[in-house]
>>> print(open('model01.cif').read())   # mmCIF, C-alpha atoms
data_entry
loop_
_atom_site.label_atom_id
_atom_site.label_comp_id
_atom_site.auth_asym_id
_atom_site.auth_seq_id
_atom_site.Cartn_x
_atom_site.Cartn_y
_atom_site.Cartn_z
CA MET A 955 4.33 -7.23 14.08
CA THR A 956 7.54 -5.82 15.41
CA PRO A 957 6.82 -2.18 16.15
CA THR A 958 8.93 0.04 13.96
CA PRO A 959 8.89 3.68 14.86
CA VAL A 960 7.70 5.42 11.75
CA SER A 961 7.57 9.17 11.68
CA PRO A 962 5.49 10.73 8.92
CA ALA A 963 8.16 13.19 7.96
CA SER A 964 11.58 14.43 8.86
CA PRO A 965 11.71 16.26 12.15
CA GLY A 966 10.77 19.84 11.60
CA ALA A 967 9.33 18.98 8.20
CA GLY A 968 5.74 19.59 9.16
CA PRO A 969 3.58 21.29 11.74
CA ALA A 970 3.55 19.62 15.12
CA PRO A 971 0.08 18.54 16.23
CA THR A 972 -1.39 21.11 18.55
CA THR A 973 -3.65 20.08 21.38
CA THR A 974 -6.76 21.16 19.47
CA GLU A 975 -5.75 19.26 16.30
CA ALA A 976 -4.69 16.08 18.02
CA PRO A 977 -8.10 14.44 18.66
CA ALA A 978 -9.27 15.09 15.09
CA LEU A 979 -6.00 13.80 13.67
CA HIS A 980 -6.30 10.74 15.90
CA ALA A 981 -9.83 10.04 14.65
CA ALA A 982 -8.88 10.49 11.00
CA ALA A 983 -5.81 8.26 11.30
CA LEU A 984 -7.95 5.63 13.02
CA ALA A 985 -10.65 5.69 10.31
CA LEU A 986 -8.23 5.36 7.40
CA GLY A 987 -5.95 2.99 9.31
CA ASP A 988 -8.86 0.67 10.15
CA ASP A 989 -9.97 0.62 6.49
CA ALA A 990 -6.48 -0.48 5.46
CA LEU A 991 -6.06 -2.99 8.29
CA VAL A 992 -9.41 -4.70 7.85
CA LEU A 993 -9.20 -4.96 4.07
CA SER A 994 -5.64 -6.23 4.39
CA HIS A 995 -6.86 -9.02 6.66
CA ARG A 996 -9.72 -9.93 4.32
CA LEU A 997 -7.35 -10.11 1.33
CA GLY A 998 -4.95 -12.21 3.39
CA GLU A 999 -7.74 -14.79 3.75
CA TRP A 1000 -7.25 -15.57 0.05
CA ALA A 1001 -3.79 -17.03 0.73
CA GLY A 1002 -3.97 -20.66 -0.35
CA HIS A 1003 -7.40 -20.21 -1.96
CA ALA A 1004 -6.94 -17.89 -4.96
CA PRO A 1005 -8.00 -19.24 -8.36
CA VAL A 1006 -4.51 -18.98 -9.91
CA LEU A 1007 -1.00 -18.54 -8.52
CA GLU A 1008 -0.58 -15.05 -9.98
CA GLU A 1009 -3.67 -13.88 -8.11
CA GLU A 1010 -2.52 -15.53 -4.93
CA VAL A 1011 0.57 -13.35 -5.18
CA ALA A 1012 -1.27 -10.23 -6.35
CA LEU A 1013 -3.83 -10.26 -3.54
CA ALA A 1014 -1.11 -10.88 -0.95
CA ASN A 1015 0.92 -7.98 -2.38
CA ILE A 1016 -2.09 -5.67 -2.16
CA ALA A 1017 -2.73 -6.86 1.39
CA LEU A 1018 0.89 -6.10 2.29
CA ASP A 1019 0.66 -2.57 0.88
CA LEU A 1020 -2.49 -1.97 2.92
CA LEU A 1021 -0.92 -3.42 6.06
CA GLY A 1022 2.04 -1.06 5.67
CA GLN A 1023 -0.33 1.89 5.36
CA ALA A 1024 -2.31 0.67 8.37
CA ARG A 1025 0.83 0.46 10.51
CA VAL A 1026 1.80 4.06 9.79
CA LEU A 1027 -1.74 5.36 10.32
CA LEU A 1028 -2.42 3.39 13.50
CA SER A 1029 0.97 4.45 14.89
CA LEU A 1030 -0.18 8.05 14.47
CA ALA A 1031 -3.32 7.20 16.45
CA GLY A 1032 -1.60 5.23 19.23
CA ASP A 1033 0.10 1.86 19.73
CA GLU A 1034 -0.42 -0.14 16.53
CA ASP A 1035 -0.56 -3.56 18.19
CA GLU A 1036 -2.93 -2.49 20.94
CA LEU A 1037 -5.19 -0.84 18.40
CA ALA A 1038 -5.20 -3.82 16.05
CA TYR A 1039 -5.42 -6.65 18.53
CA LEU A 1040 -7.04 -5.36 21.71
CA ARG A 1041 -9.98 -3.26 20.57
CA GLU A 1042 -13.54 -4.54 20.61
CA GLU A 1043 -15.66 -4.51 17.47
CA ARG A 1044 -17.47 -1.28 18.38
CA ALA A 1045 -14.17 0.62 18.66
CA PHE A 1046 -13.23 0.01 14.99
CA ARG A 1047 -13.91 2.90 12.62
CA ASN A 1048 -13.54 1.21 9.23
CA LEU A 1049 -16.15 1.34 6.48
CA GLN A 1050 -18.55 -1.57 6.41
CA LEU A 1051 -17.52 -2.19 2.79
CA VAL A 1052 -14.01 -3.39 3.67
CA GLU A 1053 -15.20 -5.86 6.32
CA GLN A 1054 -17.54 -7.71 3.92
CA PRO A 1055 -16.58 -11.36 3.44
CA ASN A 1056 -14.56 -12.27 0.35
CA GLY A 1057 -17.30 -14.25 -1.41
CA ASP A 1058 -16.12 -15.59 -4.75
CA PHE A 1059 -13.27 -14.00 -6.70
CA ALA A 1060 -15.62 -11.66 -8.59
CA HIS A 1061 -17.11 -10.50 -5.29
CA THR A 1062 -13.62 -9.66 -3.99
CA ILE A 1063 -12.84 -7.82 -7.24
CA ALA A 1064 -16.05 -5.77 -6.89
CA ARG A 1065 -15.00 -4.78 -3.36
CA GLN A 1066 -11.52 -3.92 -4.66
CA LEU A 1067 -12.95 -1.81 -7.47
CA TYR A 1068 -15.22 0.23 -5.20
CA PHE A 1069 -12.60 0.70 -2.51
CA SER A 1070 -9.44 1.26 -4.59
CA VAL A 1071 -11.07 3.99 -6.70
CA TYR A 1072 -12.17 5.66 -3.44
CA GLN A 1073 -8.77 5.27 -1.80
CA THR A 1074 -6.95 6.68 -4.84
CA LEU A 1075 -9.17 9.78 -4.83
CA LEU A 1076 -8.98 10.20 -1.05
CA TYR A 1077 -5.19 9.82 -0.79
CA GLY A 1078 -4.76 11.99 -3.89
CA GLN A 1079 -6.65 14.87 -2.26
CA LEU A 1080 -5.08 14.31 1.15
CA ALA A 1081 -1.56 14.38 -0.30
CA ASP A 1082 -2.08 18.00 -1.32
CA THR A 1083 -3.11 19.21 2.15
CA ASP A 1084 -0.90 20.22 5.08
CA SER A 1085 -2.36 17.41 7.22
CA LEU A 1086 0.09 15.25 9.15
CA LEU A 1087 -1.36 12.37 7.13
CA ALA A 1088 -0.25 13.99 3.84
CA PRO A 1089 3.21 12.31 3.63
CA LEU A 1090 1.63 8.86 4.02
CA ALA A 1091 -1.07 9.75 1.47
CA ALA A 1092 1.53 10.99 -1.04
CA LYS A 1093 3.39 7.71 -0.76
CA ALA A 1094 0.38 5.38 -0.63
CA VAL A 1095 -1.45 6.94 -3.57
CA LYS A 1096 1.22 5.53 -5.87
CA GLU A 1097 0.76 2.04 -4.44
CA VAL A 1098 -3.01 2.23 -4.59
CA ALA A 1099 -2.86 3.19 -8.29
CA TYR A 1100 -1.69 -0.38 -8.94
CA HIS A 1101 -4.52 -1.80 -6.81
CA GLN A 1102 -7.02 0.21 -8.83
CA ASP A 1103 -5.51 -0.92 -12.12
CA HIS A 1104 -5.64 -4.54 -10.96
CA ALA A 1105 -9.32 -4.27 -9.94
CA GLU A 1106 -10.29 -2.48 -13.15
CA GLN A 1107 -8.56 -4.98 -15.42
CA TRP A 1108 -10.28 -7.88 -13.65
CA THR A 1109 -13.68 -6.16 -13.74
CA LEU A 1110 -13.30 -5.82 -17.52
CA ARG A 1111 -12.09 -9.38 -17.96
CA LEU A 1112 -14.82 -10.95 -15.84
CA GLY A 1113 -17.64 -8.68 -17.02
CA ASP A 1114 -16.72 -9.03 -20.67
CA GLY A 1115 -15.83 -12.71 -20.32
CA THR A 1116 -18.02 -15.80 -20.25
CA ALA A 1117 -21.70 -15.84 -19.32
CA GLU A 1118 -20.69 -17.33 -15.96
CA SER A 1119 -18.00 -14.73 -15.16
CA HIS A 1120 -20.31 -11.91 -16.33
CA GLU A 1121 -23.05 -13.10 -14.00
CA ARG A 1122 -20.69 -13.47 -11.03
CA MET A 1123 -19.22 -10.00 -11.56
CA ARG A 1124 -22.74 -8.55 -11.77
CA ARG A 1125 -23.72 -10.27 -8.53
CA GLY A 1126 -20.63 -8.95 -6.74
CA LEU A 1127 -21.17 -5.37 -7.88
CA ASP A 1128 -24.87 -5.51 -6.95
CA ALA A 1129 -24.33 -7.08 -3.54
CA LEU A 1130 -21.78 -4.49 -2.39
CA TRP A 1131 -23.42 -1.40 -3.88
CA ARG A 1132 -25.38 -0.62 -0.71
CA PHE A 1133 -22.08 -0.20 1.18
CA THR A 1134 -20.67 2.47 -1.15
CA GLY A 1135 -22.60 5.50 0.16
CA GLU A 1136 -20.74 5.48 3.45
CA MET A 1137 -17.42 6.28 1.76
CA PHE A 1138 -18.43 9.87 1.17
CA GLN A 1139 -19.49 10.73 4.70
CA PRO A 1140 -16.92 13.33 5.76
CA VAL A 1141 -14.32 11.98 8.17
CA PRO A 1142 -13.72 14.43 11.04
CA GLY A 1143 -10.22 15.85 10.83
CA LEU A 1144 -9.95 15.53 7.04
CA ASP A 1145 -10.64 18.76 5.20
CA LEU A 1146 -11.47 17.30 1.79
CA ASP A 1147 -13.98 17.86 -1.01
CA TRP A 1148 -16.23 14.86 -0.28
CA GLN A 1149 -18.90 15.82 -2.80
CA GLY A 1150 -16.29 16.18 -5.53
CA MET A 1151 -14.88 12.83 -4.52
CA ARG A 1152 -18.31 11.21 -4.85
CA GLU A 1153 -18.74 12.67 -8.33
CA GLN A 1154 -15.31 11.52 -9.51
CA TRP A 1155 -15.81 8.09 -7.96
CA THR A 1156 -19.19 7.65 -9.64
CA ALA A 1157 -17.81 8.75 -13.00
CA ARG A 1158 -14.86 6.36 -12.87
CA VAL A 1159 -16.77 3.35 -11.55
CA THR A 1160 -19.54 3.91 -14.11
CA GLU A 1161 -16.99 4.07 -16.92
CA VAL A 1162 -15.34 0.80 -15.90
CA ILE A 1163 -18.60 -1.08 -15.25
CA GLU A 1164 -20.08 -0.03 -18.58
CA LYS A 1165 -16.89 -0.89 -20.46
CA ALA A 1166 -17.16 -4.32 -18.82
CA THR A 1167 -20.62 -4.67 -20.49
CA LEU A 1168 -22.32 -4.47 -17.09
CA SER A 1169 -24.75 -1.95 -15.60
CA VAL A 1170 -24.24 0.29 -12.62
CA PRO A 1171 -26.41 -1.12 -9.79
CA GLU A 1172 -29.65 0.78 -9.30
CA GLY A 1173 -30.39 0.30 -5.61
CA PRO A 1174 -29.69 2.77 -2.83
CA GLN A 1175 -26.06 3.29 -1.81
CA SER A 1176 -26.95 3.05 1.85
CA GLY A 1177 -29.77 1.87 4.07
CA ALA A 1178 -30.99 2.55 7.57
CA TRP A 1179 -29.30 -0.52 8.98
CA THR A 1180 -27.04 -1.74 6.19
CA ALA A 1181 -24.56 1.07 5.76
CA GLY A 1182 -23.48 4.44 6.97
CA ALA A 1183 -22.33 3.47 10.40
CA GLY A 1184 -18.95 1.74 10.23
CA ARG A 1185 -17.27 5.07 10.92
CA GLU A 1186 -19.39 5.26 14.10
CA GLY A 1187 -18.44 1.78 15.23
CA LEU A 1188 -21.50 -0.09 14.01
CA HIS A 1189 -20.50 -3.11 11.97
CA THR A 1190 -22.05 -6.00 10.10
CA GLU A 1191 -22.40 -9.50 11.49
CA SER A 1192 -19.39 -11.11 9.85
CA PHE A 1193 -16.95 -8.50 11.20
CA GLY A 1194 -17.03 -9.95 14.72
CA ARG A 1195 -15.98 -13.34 13.44
CA MET A 1196 -13.19 -11.81 11.38
CA LEU A 1197 -11.89 -9.94 14.43
CA ALA A 1198 -12.04 -13.08 16.57
CA GLU A 1199 -9.72 -14.81 14.13
CA MET A 1200 -7.45 -11.79 13.70
CA GLN A 1201 -7.09 -11.15 17.44
CA HIS A 1202 -7.18 -14.70 18.76
CA LEU A 1203 -3.43 -15.35 18.93
CA HIS A 1204 -2.50 -12.02 20.48
CA ARG A 1205 -5.24 -12.24 23.09
CA SER A 1206 -4.44 -15.86 23.96
CA HIS A 1207 -0.72 -15.22 24.30
CA PRO A 1208 -0.23 -11.60 25.35
CA GLY A 1209 3.22 -10.32 24.45
CA ALA A 1210 4.11 -13.41 22.40
CA SER A 1211 6.87 -12.93 19.85
CA TRP A 1212 8.67 -15.08 17.31
CA MET B 1018 6.05 20.47 2.55
CA VAL B 1019 8.88 22.34 4.15
CA THR B 1020 12.11 20.38 4.12
CA THR B 1021 14.99 20.90 6.45
CA ALA B 1022 17.72 23.06 5.01
CA PRO B 1023 20.54 21.06 3.43
CA ARG B 1024 23.79 21.10 5.35
CA THR B 1025 27.18 20.07 4.10
CA PRO B 1026 28.07 16.76 5.73
CA THR B 1027 31.23 16.62 7.80
CA ALA B 1028 34.08 14.32 6.77
CA LEU B 1029 32.99 11.83 9.45
CA GLU B 1030 29.39 11.90 8.23
CA ALA B 1031 30.52 11.36 4.64
CA GLU B 1032 32.61 8.39 5.74
CA LEU B 1033 29.77 6.82 7.73
CA SER B 1034 27.29 7.52 4.92
CA ALA B 1035 29.52 5.63 2.52
CA LEU B 1036 29.57 2.67 4.93
CA ALA B 1037 25.81 2.69 5.44
CA GLY B 1038 25.17 3.24 1.73
CA ALA B 1039 27.31 0.23 0.82
CA VAL B 1040 25.01 -2.13 2.74
CA PRO B 1041 23.40 -4.51 0.22
CA ASP B 1042 19.63 -4.59 -0.17
CA PRO B 1043 18.39 -7.65 1.79
CA GLU B 1044 16.04 -8.74 -1.03
CA LEU B 1045 18.19 -7.73 -4.01
CA PRO B 1046 21.75 -8.11 -2.73
CA VAL B 1047 23.23 -7.06 -6.08
CA ILE B 1048 22.44 -3.44 -5.36
CA THR B 1049 23.31 -1.27 -2.38
CA LEU B 1050 21.04 0.92 -0.30
CA ALA B 1051 22.72 4.00 -1.78
CA GLU B 1052 22.07 2.77 -5.33
CA LEU B 1053 18.46 1.98 -4.40
CA GLY B 1054 18.11 5.56 -3.16
CA VAL B 1055 16.60 4.73 0.24
CA LEU B 1056 19.28 6.24 2.47
CA ARG B 1057 18.07 9.78 3.09
CA SER B 1058 20.51 11.30 5.55
CA LEU B 1059 23.11 10.54 8.20
CA ARG B 1060 24.06 12.98 10.94
CA VAL B 1061 26.43 12.82 13.84
CA SER B 1062 25.51 14.96 16.84
CA GLY B 1063 27.94 16.67 19.20
CA THR B 1064 27.64 13.74 21.61
CA GLY B 1065 28.59 11.27 18.88
CA HIS B 1066 25.06 9.97 18.34
CA VAL B 1067 24.50 8.81 14.75
CA ASP B 1068 21.04 9.50 13.36
CA VAL B 1069 20.19 7.76 10.09
CA GLU B 1070 17.10 8.42 7.99
CA LEU B 1071 15.86 5.61 5.79
CA THR B 1072 12.82 5.62 3.49
CA PRO B 1073 10.89 2.50 2.43
CA THR B 1074 10.33 1.63 -1.23
CA TYR B 1075 6.75 0.58 -0.45
CA THR B 1076 5.02 1.58 2.80
CA GLY B 1077 4.63 -2.07 3.77
CA CYS B 1078 8.05 -3.27 2.61
CA PRO B 1079 9.19 -5.79 5.25
CA ALA B 1080 12.84 -5.43 4.16
CA ILE B 1081 13.07 -2.07 5.94
CA GLU B 1082 13.62 -3.80 9.29
CA ALA B 1083 16.51 -5.88 7.92
CA MET B 1084 17.98 -2.73 6.33
CA SER B 1085 17.88 -0.89 9.67
CA ALA B 1086 19.54 -3.78 11.49
CA ASP B 1087 22.24 -4.12 8.80
CA ILE B 1088 23.05 -0.40 8.94
CA GLU B 1089 23.30 -0.48 12.74
CA GLN B 1090 25.58 -3.48 12.54
CA VAL B 1091 27.97 -2.04 9.98
CA LEU B 1092 28.24 1.23 11.91
CA ARG B 1093 28.81 -0.68 15.15
CA GLU B 1094 31.62 -2.63 13.50
CA HIS B 1095 33.20 0.73 12.79
CA GLY B 1096 33.05 1.83 16.39
CA ARG B 1097 29.73 3.69 16.43
CA ASP B 1098 27.64 2.21 19.22
CA ASP B 1099 25.11 5.01 19.55
CA VAL B 1100 23.08 4.68 16.36
CA SER B 1101 19.41 5.19 15.63
CA VAL B 1102 17.83 4.43 12.27
CA ARG B 1103 14.52 6.15 11.65
CA THR B 1104 12.02 5.53 8.87
CA VAL B 1105 10.76 8.62 7.06
CA LEU B 1106 8.08 8.75 4.37
CA SER B 1107 8.44 12.22 2.93
CA PRO B 1108 9.33 12.95 0.21
CA ALA B 1109 7.97 9.64 -1.09
CA TRP B 1110 10.51 7.30 -2.65
CA SER B 1111 10.29 6.85 -6.40
CA THR B 1112 11.91 4.35 -8.74
CA ASP B 1113 13.56 7.43 -10.29
CA ASP B 1114 15.70 7.48 -7.10
CA ILE B 1115 17.51 4.32 -8.25
CA SER B 1116 20.91 5.33 -9.60
CA ALA B 1117 22.14 4.58 -13.11
CA GLU B 1118 24.60 2.07 -11.64
CA GLY B 1119 21.76 0.46 -9.67
CA ARG B 1120 19.71 0.06 -12.85
CA ARG B 1121 22.63 -1.50 -14.67
CA LYS B 1122 23.14 -4.02 -11.85
CA LEU B 1123 19.44 -4.91 -11.74
CA ALA B 1124 19.44 -5.66 -15.46
CA GLU B 1125 22.61 -7.72 -15.10
CA PHE B 1126 20.91 -9.69 -12.31
CA GLY B 1127 17.99 -10.50 -14.62
CA ILE B 1128 15.52 -7.90 -13.36
CA ALA B 1129 14.29 -5.37 -15.90
CA PRO B 1130 14.93 -1.94 -14.34
CA PRO B 1131 12.09 0.56 -13.91
CA ARG B 1132 11.43 2.98 -16.72
CA PRO B 1133 11.92 6.68 -15.97
CA HIS B 1134 8.82 8.77 -15.29
CA ALA B 1135 7.84 11.59 -17.59
CA ALA B 1136 8.75 15.04 -16.24
CA ASP B 1137 5.39 15.33 -14.51
CA GLY B 1138 3.20 12.28 -14.77
CA PRO B 1139 3.04 8.53 -15.12
CA VAL B 1140 5.31 6.32 -17.17
CA PRO B 1141 4.22 6.39 -20.79
CA LEU B 1142 2.72 2.97 -21.54
CA SER B 1143 4.29 2.96 -24.99
CA LEU B 1144 7.76 2.56 -23.48
CA THR B 1145 8.43 -1.16 -23.70
CA VAL B 1146 10.22 -3.20 -21.07
CA ARG B 1147 13.29 -4.90 -22.48
CA CYS B 1148 13.95 -8.59 -21.71
CA PRO B 1149 17.00 -8.74 -19.39
CA ASN B 1150 17.96 -12.13 -20.83
CA CYS B 1151 17.97 -11.63 -24.60
CA GLY B 1152 17.39 -7.88 -24.97
CA SER B 1153 14.19 -8.24 -26.99
CA THR B 1154 11.61 -5.48 -26.63
CA ASP B 1155 8.82 -7.95 -27.42
CA THR B 1156 7.71 -8.71 -23.85
CA GLU B 1157 4.31 -9.06 -22.21
CA LEU B 1158 2.87 -8.57 -18.74
CA LEU B 1159 1.89 -11.74 -16.86
CA SER B 1160 0.96 -10.14 -13.54
CA ARG B 1161 1.24 -6.67 -12.02
CA PHE B 1162 2.42 -8.26 -8.79
CA SER B 1163 5.35 -10.63 -8.39
CA SER B 1164 7.61 -12.10 -5.71
CA THR B 1165 7.81 -8.76 -3.90
CA ALA B 1166 5.55 -5.70 -3.94
CA CYS B 1167 8.05 -3.72 -6.00
CA LYS B 1168 8.12 -6.12 -8.94
CA ALA B 1169 5.81 -7.18 -11.77
CA LEU B 1170 6.05 -10.51 -13.59
CA ARG B 1171 6.64 -10.43 -17.35
CA ARG B 1172 7.49 -12.88 -20.11
CA CYS B 1173 9.70 -12.46 -23.14
CA VAL B 1174 7.89 -13.39 -26.33
CA SER B 1175 11.21 -13.92 -28.16
CA CYS B 1176 13.15 -16.16 -25.76
CA ARG B 1177 10.09 -17.33 -23.77
CA GLU B 1178 11.80 -16.67 -20.42
CA PRO B 1179 9.71 -15.18 -17.64
CA PHE B 1180 11.42 -12.34 -15.77
CA ASP B 1181 10.80 -9.81 -13.01
CA HIS B 1182 10.37 -6.13 -13.78
CA PHE B 1183 11.04 -3.52 -11.10
CA LYS B 1184 7.80 -1.66 -11.63
CA GLU B 1185 7.63 2.11 -11.67
CA LEU B 1186 6.52 3.84 -8.49
#
>>> encode(input="model01.cif", output="C-alpha cells")
Amino acid sequence: MTPTPVSPASPGAGPAPTTTEAPALHAAALALGDDALVLSHRLGEWAGHAPVLEEEVALANIALDLLGQARVLLSLAGDEDELAYLREERAFRNLQLVEQPNGDFAHTIARQLYFSVYQTLLYGQLADTDSLLAPLAAKAVKEVAYHQDHAEQWTLRLGDGTAESHERMRRGLDALWRFTGEMFQPVPGLDLDWQGMREQWTARVTEVIEKATLSVPEGPQSGAWTAGAGREGLHTESFGRMLAEMQHLHRSHPGASW
Amino acid sequence: MVTTAPRTPTALEAELSALAGAVPDPELPVITLAELGVLRSLRVSGTGHVDVELTPTYTGCPAIEAMSADIEQVLREHGRDDVSVRTVLSPAWSTDDISAEGRRKLAEFGIAPPRPHAADGPVPLSLTVRCPNCGSTDTELLSRFSSTACKALRRCVSCREPFDHFKEL
C-alpha cells in the first residue's frame, strides 16, 4: 500500500484527541481496523476461486471496501503498514469470527451474514456519536449496507435452494455460530449500546435465517476456548497461517515498493 | 459535526478550483472531479501554499491517489508548486453530489446514473433504472457489484445489452 494521509475530518471539524482519550481511541480504531483488515484478506483469498465470475467480482469489491476502512482506522491507531505487516498474531485485536477460513461458498456467506449485520449496526450507532471514528463510520455504513444485502440475498437463495445448497448453508451457519457472542463484548473507547446491538442483530439474523427456511443454530454463542478472546489477542489456529501469508512479502523485503 | 465556516473564495482560489475541478475522473474520464462532487475545497494561504480537500466516493476507492496526483500536476502546470491534496471523509460523499451535467454524461457514456435519494432515507426500490442504450425501463439486476465498487451490473430485458449502473450511495 502507498500510505495516503487520510484525516477523518476537516481540520477543526471535530474535537482533537486529548491525552486521556488517545489510548482508548487507539484501542477502538485497532479493534475495528483489524476486523476490516482480516476479513478483507480472507475475502481476497476467493480471487480466482469463486463459483461464478459475478461473485469473484462481488467478493473482491467487498474486500476492497473493507481494506479502505481498515486503512483509515489503522492510520488513526498508528502507521498502517507497520500495524498490518509487522505485528505478531497476539497483537491483533480482531474478532475470531473474521479470521475463520473461507470454507465453501455457503460458509463464507454465513460469515458475511453474521459480520455484515453486526458491522451495519455498529457503524450506524458510531456514526451518531462525537467519536473521532464517527466520520469513517458515517461513510462506511453506506458501503456495508450493500455487503449486508449481498449476504442476505445469498443466504435466502442457498437456504431456500436445492437440498445440497440448503445443507451447506445450514452447516456454515452452525459452524460459525459459536463465534458470534464475541461481537457484543464492549470495545473500550466506544460508548455504544452493546445490549441493544445484540438484540437488533439477533432479530435481523433470525428473520433472514427463517425466511431462508433454515433454523437459528441452538448452541452457545461462545465457549471457554473457542470465542470471546480475539479482542484480547487470543486467536484460532488458522489465523497464524493467514498472517504468515499476508505478511510474508513485506517481512522478506522490508521497504519494497512497486 | 461542526463544519468550518464557509468563506468566499478569492478570485485566485476560484480560478485554481476551476482548474482542479476540470480534471477528469481517472476511471470514468467522461466526467470531471467537479461533476463527480469529490472536490471539497481549495484554499491558498498567505505564503502561496495551495491546500486542496478531496473526498473519496468509496473509502477504499483506489482512484483517489490518481486524482490527487492529477490535481497536483495540473496546478503545477499553472505555476503552483506548493500544493497539498488531503483526503477528507466528512461529510460522507453521496451519489446525490454528482451534478446534473455529470449524470447526463454518465448516461451518454453508457452508464446508468444513480437515482436520487428520498429526502431522508434510502432510494425507493420501485424507481426503475433506465437502460442507457435503448431507454427501456425493463431492466434487471445481474450483480450488486461490478467492475468498480461504485457500480452494479444490470441487463436490459428489451435490448438484451448488459450495462453498468452507478449505484446509489
>>> closest_residue(input="model01.cif", among="A:His980, A:His1003, A:Arg1065, A:His1104", to="chain B", atoms="all atoms listed in the file")
A:His1104
>>> atom_distance(input="model01.cif", atom1="CA of Cys1151 (chain B)", atom2="CA of Phe1180 (chain B)")
11.0 Å
>>> residues_around(input="model01.cif", residues="Phe1133 (chain A)", least_positions_apart="6", cutoff="12 Å", atoms="only C-alpha atoms", output="list in words")
Asn1048, Leu1049, Gln1050, Leu1051, Val1052, Glu1053, Gln1054, Ala1064, Arg1065, Tyr1068, Phe1069, Gly1126, Leu1127, Gln1139, Pro1171, Gly1173, Pro1174, Gln1175, Ser1176, Gly1177, Ala1178, Trp1179, Thr1180, Ala1181, Gly1182, Ala1183, Gly1184, His1189 and Thr1190 of chain A
>>> residues_around(input="model01.cif", residues="Trp1148 (chain A)", least_positions_apart="5", cutoff="9 Å", atoms="all atoms listed in the file", output="mmCIF file with C-alpha atoms, keeping the file's coordinate frame")
data_model
loop_
_atom_site.group_PDB
_atom_site.id
_atom_site.type_symbol
_atom_site.label_atom_id
_atom_site.label_comp_id
_atom_site.auth_asym_id
_atom_site.auth_seq_id
_atom_site.Cartn_x
_atom_site.Cartn_y
_atom_site.Cartn_z
ATOM 1 C CA LEU A 1076 -8.980 10.200 -1.050
ATOM 2 C CA MET A 1137 -17.420 6.280 1.760
ATOM 3 C CA PHE A 1138 -18.430 9.870 1.170
ATOM 4 C CA GLN A 1139 -19.490 10.730 4.700
ATOM 5 C CA PRO A 1140 -16.920 13.330 5.760
ATOM 6 C CA GLU A 1153 -18.740 12.670 -8.330
#
>>> closest_atom_pairs(input="model01.cif", of="chain B", to="chain A", cutoff="12 Å", atoms="only C-alpha atoms", output="tab-separated table")
residue	atom	partner	partner_atom	distance
B:Met1018	CA	A:Gly968	CA	6.7
B:Val1019	CA	A:Ala967	CA	5.3
B:Thr1020	CA	A:Ala967	CA	5.1
B:Thr1021	CA	A:Ala967	CA	6.2
B:Ala1022	CA	A:Ala967	CA	9.9
B:Arg1057	CA	A:Ser964	CA	9.9
B:Ser1058	CA	A:Ser964	CA	10.0
B:Asp1068	CA	A:Ser964	CA	11.6
B:Val1069	CA	A:Ser964	CA	11.0
B:Glu1070	CA	A:Ser964	CA	8.2
B:Leu1071	CA	A:Val960	CA	10.1
B:Thr1072	CA	A:Val960	CA	9.7
B:Pro1073	CA	A:Lys1093	CA	9.7
B:Thr1074	CA	A:Lys1093	CA	9.2
B:Tyr1075	CA	A:Asp1019	CA	7.0
B:Thr1076	CA	A:Gly1022	CA	4.9
B:Gly1077	CA	A:Gly1022	CA	3.4
B:Cys1078	CA	A:Gly1022	CA	7.1
B:Pro1079	CA	A:Gly1022	CA	8.6
B:Ala1080	CA	A:Gly1022	CA	11.7
B:Ile1081	CA	A:Thr958	CA	9.3
B:Glu1082	CA	A:Thr958	CA	7.7
B:Ala1083	CA	A:Thr958	CA	11.4
B:Ser1085	CA	A:Thr958	CA	10.0
B:Ala1086	CA	A:Thr958	CA	11.5
B:Ser1101	CA	A:Pro959	CA	10.7
B:Val1102	CA	A:Pro959	CA	9.3
B:Arg1103	CA	A:Val960	CA	6.9
B:Thr1104	CA	A:Val960	CA	5.2
B:Val1105	CA	A:Ala963	CA	5.3
B:Leu1106	CA	A:Pro962	CA	5.6
B:Ser1107	CA	A:Ala963	CA	5.1
B:Pro1108	CA	A:Pro1089	CA	7.0
B:Ala1109	CA	A:Lys1093	CA	5.0
B:Trp1110	CA	A:Lys1093	CA	7.4
B:Ser1111	CA	A:Lys1093	CA	9.0
B:Thr1112	CA	A:Lys1096	CA	11.1
B:Gly1138	CA	A:Lys1096	CA	11.3
B:Pro1139	CA	A:Lys1096	CA	9.9
B:Leu1158	CA	A:Glu1008	CA	11.4
B:Leu1159	CA	A:Glu1008	CA	8.0
B:Ser1160	CA	A:Glu1008	CA	6.3
B:Arg1161	CA	A:Ala1012	CA	7.2
B:Phe1162	CA	A:Ala1012	CA	4.8
B:Ser1163	CA	A:Val1011	CA	6.4
B:Ser1164	CA	A:Val1011	CA	7.2
B:Thr1165	CA	A:Asn1015	CA	7.1
B:Ala1166	CA	A:Asn1015	CA	5.4
B:Cys1167	CA	A:Asn1015	CA	9.1
B:Lys1168	CA	A:Asn1015	CA	9.9
B:Ala1169	CA	A:Ala1012	CA	9.4
B:Leu1170	CA	A:Glu1008	CA	8.8
B:Arg1171	CA	A:Glu1008	CA	11.3
B:Lys1184	CA	A:Tyr1100	CA	9.9
B:Glu1185	CA	A:Lys1096	CA	9.3
B:Leu1186	CA	A:Lys1096	CA	6.1
>>> resolve_selection(input="model01.cif", expression="the PyMOL selection byres ((chain B and resi 1067) around 8)", output="PyMOL selection string")
chain B and resi 1059-1062+1065-1066+1068-1069+1097+1099-1101
>>> atom_distance(input="model01.cif", atom1="CA of Gln1102 (chain A)", atom2="CA of Ser1070 (chain A)")
5.0 Å
>>> atom_distance(input="model01.cif", atom1="CA of Leu1112 (chain A)", atom2="CA of Thr1074 (chain A)")
22.2 Å
>>> residues_near_point(input="model01.cif", point="(-6.0, -9.6, 25.7)", cutoff="12 Å", atoms="all atoms listed in the file", output="PyMOL selection string")
chain A and resi 1035-1042+1198+1201-1210
>>> resolve_selection(input="model01.cif", expression="the PyMOL selection byres ((chain B and resi 1127) around 7)", output="MDAnalysis selection string")
chainID B and resid 1123:1126 1128:1129 1149:1150 1180
>>> axis_aligned_box(input="model01.cif", around="region 1045-1059 of chain A", padding_each_side="3 Å", output="AutoDock Vina command-line options")
--center_x -15.9 --center_y -6.3 --center_z 6.0 --size_x 11.3 --size_y 24.5 --size_z 31.4
>>> closest_residue(input="model01.cif", among="A:Trp1108, A:Trp1000, A:Tyr1072, A:Trp1212", to="Glu1136 (chain A)", atoms="only C-alpha atoms")
A:Tyr1072
